file entry22.pdb (PDB, C-alpha atoms)
ATOM      1  CA  MET U   7     101.715-133.516 -62.068
ATOM      2  CA  SER U   8     100.786-134.204 -65.698
ATOM      3  CA  ASP U   9     100.235-131.270 -68.079
ATOM      4  CA  GLN U  10      97.836-133.308 -70.230
ATOM      5  CA  PRO U  11      94.213-132.203 -69.990
ATOM      6  CA  ALA U  12      91.848-134.504 -68.162
ATOM      7  CA  ALA U  13      89.924-136.794 -70.435
ATOM      8  CA  THR U  14      86.324-135.712 -70.984
ATOM      9  CA  PRO U  15      84.015-138.534 -69.882
ATOM     10  CA  GLU U  16      81.982-140.006 -72.682
ATOM     11  CA  GLN U  17      78.354-138.868 -72.477
ATOM     12  CA  PRO U  18      76.036-141.892 -72.103
ATOM     13  CA  LYS U  19      73.561-142.409 -74.880
ATOM     14  CA  HIS U  20      69.963-141.812 -73.809
ATOM     15  CA  ARG U  21      68.218-145.131 -73.529
ATOM     16  CA  PHE U  22      65.249-143.766 -75.463
ATOM     17  CA  SER U  23      67.286-142.313 -78.308
ATOM     18  CA  ASN U  24      66.191-145.154 -80.537
ATOM     19  CA  THR U  25      62.572-145.195 -79.338
ATOM     20  CA  LYS U  26      61.104-145.089 -82.820
ATOM     21  CA  LYS U  27      63.032-148.153 -83.958
ATOM     22  CA  ILE U  28      62.102-150.077 -80.804
ATOM     23  CA  ARG U  29      58.449-149.172 -81.251
ATOM     24  CA  GLU U  30      58.539-150.343 -84.877
ATOM     25  CA  GLU U  31      60.116-153.658 -83.852
ATOM     26  CA  ILE U  32      57.487-154.163 -81.147
ATOM     27  CA  MET U  33      54.698-153.402 -83.617
ATOM     28  CA  GLU U  34      56.191-155.801 -86.171
ATOM     29  CA  LEU U  35      56.446-158.545 -83.542
ATOM     30  CA  ALA U  36      52.890-157.875 -82.377
ATOM     31  CA  THR U  37      51.658-157.989 -85.983
ATOM     32  CA  ARG U  38      53.295-161.390 -86.533
ATOM     33  CA  GLU U  39      51.775-162.726 -83.307
ATOM     34  CA  VAL U  40      48.327-161.471 -84.277
ATOM     35  CA  LYS U  41      48.588-163.062 -87.715
ATOM     36  CA  GLU U  42      49.540-166.388 -86.158
ATOM     37  CA  ILE U  43      46.601-166.119 -83.751
ATOM     38  CA  GLU U  44      44.209-165.236 -86.585
ATOM     39  CA  THR U  45      45.459-168.175 -88.654
ATOM     40  CA  GLY U  46      44.938-170.593 -85.767
ATOM     41  CA  LEU U  47      41.435-169.236 -85.170
ATOM     42  CA  ALA U  48      40.510-169.628 -88.836
ATOM     43  CA  LEU U  49      41.691-173.246 -88.843
ATOM     44  CA  LEU U  50      39.686-174.035 -85.717
ATOM     45  CA  ARG U  51      36.564-172.432 -87.192
ATOM     46  CA  THR U  52      36.940-174.421 -90.431
ATOM     47  CA  ARG U  53      37.344-177.701 -88.543
ATOM     48  CA  ALA U  54      34.368-176.993 -86.250
ATOM     49  CA  GLU U  55      32.027-175.918 -89.047
ATOM     50  CA  SER U  56      32.931-178.776 -91.388
ATOM     51  CA  ILE U  57      32.750-181.713 -88.994
ATOM     52  CA  VAL U  58      29.598-183.840 -88.861
ATOM     53  CA  VAL U  59      29.269-186.030 -85.789
ATOM     54  CA  ARG U  60      27.636-189.312 -86.804
ATOM     55  CA  ASP U  61      29.633-191.999 -85.019
ATOM     56  CA  ALA U  62      32.165-192.640 -82.277
ATOM     57  CA  ASP U  63      35.137-191.575 -84.418
ATOM     58  CA  SER U  64      33.565-188.259 -85.449
ATOM     59  CA  TYR U  65      32.464-187.700 -81.848
ATOM     60  CA  ALA U  66      36.062-188.128 -80.710
ATOM     61  CA  ALA U  67      37.171-185.757 -83.476
ATOM     62  CA  ALA U  68      34.683-183.126 -82.319
ATOM     63  CA  CYS U  69      35.930-183.503 -78.773
ATOM     64  CA  GLN U  70      39.481-183.054 -80.005
ATOM     65  CA  ILE U  71      38.476-179.835 -81.750
ATOM     66  CA  ALA U  72      37.038-178.619 -78.457
ATOM     67  CA  LEU U  73      40.295-179.564 -76.682
ATOM     68  CA  ASP U  74      42.346-177.815 -79.354
ATOM     69  CA  GLY U  75      40.124-174.764 -78.997
ATOM     70  CA  ARG U  76      40.709-174.668 -75.258
ATOM     71  CA  ALA U  77      44.447-175.009 -75.819
ATOM     72  CA  TYR U  78      44.209-172.176 -78.370
ATOM     73  CA  ILE U  79      42.471-169.974 -75.792
ATOM     74  CA  LYS U  80      45.270-170.640 -73.304
ATOM     75  CA  LYS U  81      47.863-169.836 -75.965
ATOM     76  CA  VAL U  82      46.162-166.547 -76.818
ATOM     77  CA  GLY U  83      46.105-165.716 -73.142
ATOM     78  CA  PHE U  84      49.792-166.591 -72.850
ATOM     79  CA  GLU U  85      50.593-164.305 -75.781
ATOM     80  CA  LEU U  86      48.355-161.336 -74.965
ATOM     81  CA  ASP U  87      47.716-161.432 -71.226
ATOM     82  CA  PRO U  88      51.076-159.794 -70.388
ATOM     83  CA  GLY U  89      50.137-156.795 -72.533
ATOM     84  CA  ILE U  90      46.688-156.691 -70.996
ATOM     85  CA  GLN U  91      48.183-156.862 -67.511
ATOM     86  CA  SER U  92      50.599-154.088 -68.407
ATOM     87  CA  ALA U  93      47.679-151.960 -69.617
ATOM     88  CA  LYS U  94      45.763-152.758 -66.435
ATOM     89  CA  ASP U  95      48.761-151.810 -64.307
ATOM     90  CA  HIS U  96      49.053-148.533 -66.177
ATOM     91  CA  MET U  97      45.329-147.957 -65.823
ATOM     92  CA  ASP U  98      45.539-148.674 -62.089
ATOM     93  CA  LEU U  99      48.414-146.216 -61.815
ATOM     94  CA  LEU U 100      46.409-143.505 -63.550
ATOM     95  CA  ARG U 101      43.337-144.259 -61.453
ATOM     96  CA  ASN U 102      45.375-144.063 -58.257
ATOM     97  CA  GLN U 103      46.863-140.763 -59.361
ATOM     98  CA  LYS U 104      43.392-139.435 -60.107
ATOM     99  CA  ALA U 105      41.976-140.761 -56.831
ATOM    100  CA  LYS U 106      44.780-139.041 -54.929
ATOM    101  CA  PHE U 107      43.242-135.702 -55.837
ATOM    102  CA  VAL U 108      39.621-136.579 -56.580
ATOM    103  CA  ASP U 109      38.829-138.506 -53.369
ATOM    104  CA  PRO U 110      39.749-135.616 -51.041
ATOM    105  CA  ALA U 111      37.782-133.276 -53.286
ATOM    106  CA  LYS U 112      34.768-135.591 -53.040
ATOM    107  CA  GLN U 113      35.063-135.491 -49.259
ATOM    108  CA  ILE U 114      35.113-131.696 -49.369
ATOM    109  CA  VAL U 115      32.030-131.702 -51.597
ATOM    110  CA  GLU U 116      30.302-134.103 -49.211
ATOM    111  CA  VAL U 117      31.067-131.930 -46.172
ATOM    112  CA  ALA U 118      29.775-128.787 -47.870
ATOM    113  CA  ALA U 119      26.741-130.590 -49.312
ATOM    114  CA  GLN U 120      25.797-132.119 -45.949
ATOM    115  CA  LYS U 121      25.939-128.737 -44.251
ATOM    116  CA  ALA U 122      23.833-127.172 -46.993
ATOM    117  CA  GLU U 123      21.358-130.069 -46.959
ATOM    118  CA  SER U 124      21.014-129.908 -43.160
ATOM    119  CA  TRP U 125      20.184-126.204 -43.327
ATOM    120  CA  LYS U 126      17.792-126.817 -46.215
ATOM    121  CA  ALA U 127      16.039-129.601 -44.276
ATOM    122  CA  GLU U 128      15.661-127.284 -41.273
ATOM    123  CA  GLU U 129      14.212-124.541 -43.487
ATOM    124  CA  ARG U 130      11.785-127.067 -44.953
ATOM    125  CA  ARG U 131      10.777-128.163 -41.456
ATOM    126  CA  LYS U 132      10.189-124.555 -40.419
ATOM    127  CA  ALA U 133       8.138-123.889 -43.559
ATOM    128  CA  GLU U 134       6.028-127.000 -42.957
ATOM    129  CA  ALA U 135       5.462-126.006 -39.310
ATOM    130  CA  GLU U 136       4.465-122.480 -40.321
ATOM    131  CA  GLN U 137       2.218-123.856 -43.046
ATOM    132  CA  GLU U 138       0.477-126.117 -40.549
ATOM    133  CA  ARG U 139       0.094-123.245 -38.066
ATOM    134  CA  VAL U 140      -1.402-120.915 -40.676
ATOM    135  CA  ASN U 141      -3.761-123.562 -42.045
ATOM    136  CA  ALA U 142      -4.845-124.614 -38.556
ATOM    137  CA  GLU U 143      -5.655-120.983 -37.769
ATOM    138  CA  ARG U 144      -7.582-120.682 -41.028
ATOM    139  CA  ARG U 145      -9.522-123.842 -40.196
ATOM    140  CA  ARG U 146     -10.342-122.548 -36.708
ATOM    141  CA  GLU U 147     -11.494-119.225 -38.127
ATOM    142  CA  ALA U 148     -13.585-120.954 -40.786
ATOM    143  CA  ALA U 149     -15.147-123.184 -38.111
ATOM    144  CA  ARG U 150     -15.905-120.121 -35.943
ATOM    145  CA  LEU U 151     -17.538-118.274 -38.818
ATOM    146  CA  ALA U 152     -19.502-121.375 -39.857
ATOM    147  CA  ASP U 153     -20.707-121.847 -36.269
ATOM    148  CA  GLU U 154     -21.694-118.213 -36.128
ATOM    149  CA  GLU U 155     -23.669-118.495 -39.355
ATOM    150  CA  ARG U 156     -25.372-121.659 -38.100
ATOM    151  CA  ARG U 157     -26.395-119.953 -34.891
ATOM    152  CA  LYS U 158     -27.846-117.055 -36.868
ATOM    153  CA  ALA U 159     -29.722-119.494 -39.108
ATOM    154  CA  ASP U 160     -31.050-121.385 -36.046
ATOM    155  CA  ALA U 161     -32.176-118.119 -34.448
ATOM    156  CA  ALA U 162     -33.837-117.023 -37.677
ATOM    157  CA  ALA U 163     -35.635-120.376 -37.995
ATOM    158  CA  ALA U 164     -36.760-120.186 -34.366
ATOM    159  CA  GLU U 165     -38.010-116.621 -34.880
ATOM    160  CA  GLN U 166     -39.827-117.654 -38.025
ATOM    161  CA  LYS U 167     -41.523-120.494 -36.160
ATOM    162  CA  LYS U 168     -42.483-118.143 -33.355
ATOM    163  CA  ILE U 169     -44.156-115.809 -35.842
ATOM    164  CA  ARG U 170     -45.952-118.683 -37.543
ATOM    165  CA  ASP U 171     -47.129-120.057 -34.184
ATOM    166  CA  ALA U 172     -48.577-116.637 -33.311
ATOM    167  CA  GLN U 173     -50.293-116.402 -36.687
ATOM    168  CA  ILE U 174     -51.758-119.892 -36.300
ATOM    169  CA  GLU U 175     -53.046-119.040 -32.816
ATOM    170  CA  GLU U 176     -54.615-115.788 -34.039
ATOM    171  CA  ALA U 177     -56.308-117.623 -36.887
ATOM    172  CA  ARG U 178     -57.630-120.283 -34.494
ATOM    173  CA  LYS U 179     -59.012-117.678 -32.054
ATOM    174  CA  ALA U 180     -60.596-115.823 -34.926
ATOM    175  CA  GLY U 181     -62.340-119.030 -35.972
ATOM    176  CA  GLU U 182     -60.593-119.090 -39.317
ATOM    177  CA  ILE U 183     -59.170-122.578 -38.623
ATOM    178  CA  GLY U 184     -60.089-125.325 -36.193
ATOM    179  CA  LYS U 185     -57.974-126.942 -33.503
ATOM    180  CA  ARG U 186     -57.048-129.872 -35.726
ATOM    181  CA  GLU U 187     -55.906-127.579 -38.574
ATOM    182  CA  ALA U 188     -54.019-125.407 -36.109
ATOM    183  CA  ALA U 189     -52.229-128.476 -34.731
ATOM    184  CA  ARG U 190     -51.320-129.596 -38.246
ATOM    185  CA  LEU U 191     -49.967-126.167 -39.134
ATOM    186  CA  ALA U 192     -47.996-125.976 -35.859
ATOM    187  CA  LYS U 193     -46.509-129.391 -36.551
ATOM    188  CA  GLN U 194     -45.559-128.272 -40.070
ATOM    189  CA  ALA U 195     -43.936-125.142 -38.654
ATOM    190  CA  GLU U 196     -41.844-127.233 -36.257
ATOM    191  CA  GLU U 197     -40.795-129.578 -39.055
ATOM    192  CA  ASP U 198     -39.766-126.576 -41.151
ATOM    193  CA  ARG U 199     -37.747-125.211 -38.232
ATOM    194  CA  LEU U 200     -35.986-128.548 -37.790
ATOM    195  CA  ALA U 201     -35.310-128.790 -41.537
ATOM    196  CA  ALA U 202     -33.842-125.292 -41.540
ATOM    197  CA  GLN U 203     -31.716-126.212 -38.529
ATOM    198  CA  GLU U 204     -30.426-129.377 -40.248
ATOM    199  CA  LEU U 205     -29.650-127.409 -43.423
ATOM    200  CA  ALA U 206     -27.720-124.856 -41.365
ATOM    201  CA  ARG U 207     -25.757-127.674 -39.704
ATOM    202  CA  LYS U 208     -24.784-129.196 -43.091
ATOM    203  CA  GLN U 209     -23.796-125.785 -44.417
ATOM    204  CA  GLU U 210     -21.653-125.317 -41.311
ATOM    205  CA  LEU U 211     -19.807-128.599 -41.978
ATOM    206  CA  VAL U 212     -19.254-127.707 -45.634
ATOM    207  CA  ALA U 213     -18.003-124.224 -44.798
ATOM    208  CA  ALA U 214     -15.680-125.506 -42.065
ATOM    209  CA  SER U 215     -14.146-128.162 -44.337
ATOM    210  CA  SER U 216     -13.873-126.021 -47.473
ATOM    211  CA  VAL U 217     -10.814-124.096 -46.376
ATOM    212  CA  GLN U 218      -8.259-123.263 -49.081
ATOM    213  CA  GLU U 219      -4.925-124.673 -47.919
ATOM    214  CA  VAL U 220      -1.998-122.248 -47.926
ATOM    215  CA  LYS U 221       1.336-123.472 -49.266
ATOM    216  CA  ILE U 222       4.469-121.974 -47.704
ATOM    217  CA  ALA U 223       7.702-122.724 -49.520
ATOM    218  CA  PRO U 224      10.997-122.894 -47.614
ATOM    219  CA  SER U 225      13.250-119.870 -47.974
ATOM    220  CA  VAL U 226      15.987-121.684 -49.894
ATOM    221  CA  PRO U 227      17.744-119.656 -52.599
ATOM    222  CA  LYS U 228      18.382-121.060 -56.054
ATOM    223  CA  VAL U 229      22.075-121.474 -56.768
ATOM    224  CA  ALA U 230      23.296-121.739 -60.343
ATOM    225  CA  GLY U 231      24.676-125.206 -61.041
ATOM    226  CA  ILE U 232      22.887-126.784 -58.079
ATOM    227  CA  LYS U 233      19.847-128.879 -58.994
ATOM    228  CA  ALA U 234      17.370-128.944 -56.131
ATOM    229  CA  ARG U 235      16.001-132.432 -55.577
ATOM    230  CA  VAL U 236      14.335-134.573 -52.943
ATOM    231  CA  ASN U 237      15.720-138.105 -52.645
ATOM    232  CA  TRP U 238      13.087-140.671 -51.688
ATOM    233  CA  LYS U 239      14.538-143.754 -49.999
ATOM    234  CA  PHE U 240      13.155-146.721 -48.133
ATOM    235  CA  ARG U 241      13.844-149.246 -45.404
ATOM    236  CA  ILE U 242      12.240-152.681 -45.095
ATOM    237  CA  VAL U 243      10.543-152.954 -41.700
ATOM    238  CA  ASP U 244       8.702-156.270 -42.247
ATOM    239  CA  ALA U 245       9.797-158.441 -45.194
ATOM    240  CA  SER U 246       6.912-160.877 -44.589
ATOM    241  CA  LYS U 247       4.427-158.231 -45.754
ATOM    242  CA  LEU U 248       6.111-157.507 -49.083
ATOM    243  CA  PRO U 249       3.811-158.067 -52.123
ATOM    244  CA  ARG U 250       4.876-160.753 -54.605
ATOM    245  CA  GLN U 251       5.936-158.270 -57.313
ATOM    246  CA  PHE U 252       8.683-156.997 -55.010
ATOM    247  CA  LEU U 253      10.175-160.440 -54.338
ATOM    248  CA  ILE U 254      13.124-161.813 -56.370
ATOM    249  CA  PRO U 255      13.968-165.567 -56.457
ATOM    250  CA  ASP U 256      17.375-166.406 -54.978
ATOM    251  CA  GLU U 257      18.793-168.094 -58.091
ATOM    252  CA  VAL U 258      22.145-168.755 -56.422
ATOM    253  CA  ALA U 259      20.519-170.734 -53.590
ATOM    254  CA  ILE U 260      18.225-172.506 -56.083
ATOM    255  CA  GLY U 261      21.207-173.521 -58.225
ATOM    256  CA  GLN U 262      23.104-174.834 -55.210
ATOM    257  CA  HIS U 263      20.092-176.924 -54.156
ATOM    258  CA  VAL U 264      19.550-178.321 -57.671
ATOM    259  CA  ARG U 265      23.214-179.289 -58.005
ATOM    260  CA  SER U 266      23.190-180.981 -54.609
ATOM    261  CA  VAL U 267      19.976-182.944 -55.286
ATOM    262  CA  LYS U 268      20.912-183.935 -58.876
ATOM    263  CA  GLN U 269      17.331-184.969 -59.653
ATOM    264  CA  ALA U 270      15.108-183.938 -62.549
ATOM    265  CA  GLY U 271      11.659-182.586 -61.907
ATOM    266  CA  GLU U 272      10.093-180.122 -59.476
ATOM    267  CA  VAL U 273      12.674-180.337 -56.680
ATOM    268  CA  ILE U 274      11.401-177.003 -55.305
ATOM    269  CA  PRO U 275       7.761-175.861 -55.643
ATOM    270  CA  GLY U 276       7.661-173.814 -58.835
ATOM    271  CA  VAL U 277      11.192-174.831 -59.929
ATOM    272  CA  GLU U 278      11.854-177.605 -62.463
ATOM    273  CA  ALA U 279      15.347-179.102 -62.410
ATOM    274  CA  TYR U 280      16.870-180.585 -65.564
ATOM    275  CA  SER U 281      20.303-181.658 -66.781
ATOM    276  CA  GLU U 282      22.312-180.974 -69.932
ATOM    277  CA  ASP U 283      25.280-182.949 -71.266
ATOM    278  CA  GLY U 284      28.590-181.162 -71.613
ATOM    279  CA  ILE U 285      32.152-182.023 -72.613
TER     280      ILE U 285
END
call {"tool": "encode", "arguments": {"input": "entry22.pdb", "output": "structure tokens"}}
result
Amino acid sequence: MSDQPAATPEQPKHRFSNTKKIREEIMELATREVKEIETGLALLRTRAESIVVRDADSYAAACQIALDGRAYIKKVGFELDPGIQSAKDHMDLLRNQKAKFVDPAKQIVEVAAQKAESWKAEERRKAEAEQERVNAERRREAARLADEERRKADAAAAEQKKIRDAQIEEARKAGEIGKREAARLAKQAEEDRLAAQELARKQELVAASSVQEVKIAPSVPKVAGIKARVNWKFRIVDASKLPRQFLIPDEVAIGQHVRSVKQAGEVIPGVEAYSEDGI
């Protein structure tokens, strides 16, 4: 057995011990790449702005600039897309980590909110039912009182006519008025009675319809941080009845039809097709 002490294993260097230097080298490389990209873009812009297309040769030159520009775009993508993809991957990772905790929490919120909203809807239904019951009772009571007042008015008008008829008859017997005048006065008394009866009927209708509606609010407490709201939604039950202002042209279908027809002019009523040259 050897008396020599066991050799101490060499501690591995941490792979990020030189992180600062690596970061500086990456930034320097990125700076050089960006400068090259900027230089290429400036050259393309100068060529495109300076060229004047006046003949076949200059047309071909302009087309070449367009081709060079497309090649430049591909080159930029080749240089920068990996970094963009890396950023997207990192973003997706962070989003997934967030969703791992947020999505279950959203489900919990939804469960609690649905239970609260169901109870609130039931309280609103109860309040509306009670409001309708109270207002219906008030309308019935108003109608009863109006009918009672009309009956009193009719009885008063009938009594008044009875008194006038007796007075007319006494005056006729006493020779104060003749039969013709008595008949005229009796007719006038009846017309007055009918007018009073009609007035009482109109007043009854007004009184019965002039009932102050009672509003009963649901017994839902206000909770700090919760904003009470009513969400109005809709469902289309008959699309053929929709007014024009609520209709949107299907531009995708129109474009497909125009490209299949390949004909200028009004290929669809209200739609004019036209073509443009491109390279």
call {"tool": "axis_aligned_box", "arguments": {"input": "entry22.pdb", "around": "region 170-181 of chain U", "padding_each_side": "6 Å", "output": "JSON"}}
result
{"center_x": -54.1, "center_y": -118.0, "center_z": -34.8, "size_x": 28.4, "size_y": 16.5, "size_z": 17.5}
call {"tool": "closest_residue", "arguments": {"input": "entry22.pdb", "among": "U:Arg241, U:Arg250, U:Arg170, U:Arg144", "to": "Ala192 (chain U)", "atoms": "all atoms listed in the file"}}
result
U:Arg170
call {"tool": "residues_around", "arguments": {"input": "entry22.pdb", "residues": "Val226 (chain U)", "least_positions_apart": "6", "cutoff": "12 Å", "atoms": "only C-alpha atoms", "output": "list in words"}}
result
Ala122, Glu123, Ser124, Trp125, Lys126, Ala127, Glu128, Glu129, Arg130, Arg131, Lys132, Ala133, Ile232 and Ala234 of chain U
call {"tool": "closest_residue", "arguments": {"input": "entry22.pdb", "among": "U:Arg101, U:Arg207, U:Lys193, U:His96", "to": "Lys158 (chain U)", "atoms": "only C-alpha atoms"}}
result
U:Arg207
call {"tool": "residues_around", "arguments": {"input": "entry22.pdb", "residues": "region 137-143 of chain U", "least_positions_apart": "2", "cutoff": "7 Å", "atoms": "all atoms listed in the file", "output": "PyMOL selection string"}}
result
chain U and resi 133-135+145-147+219-222
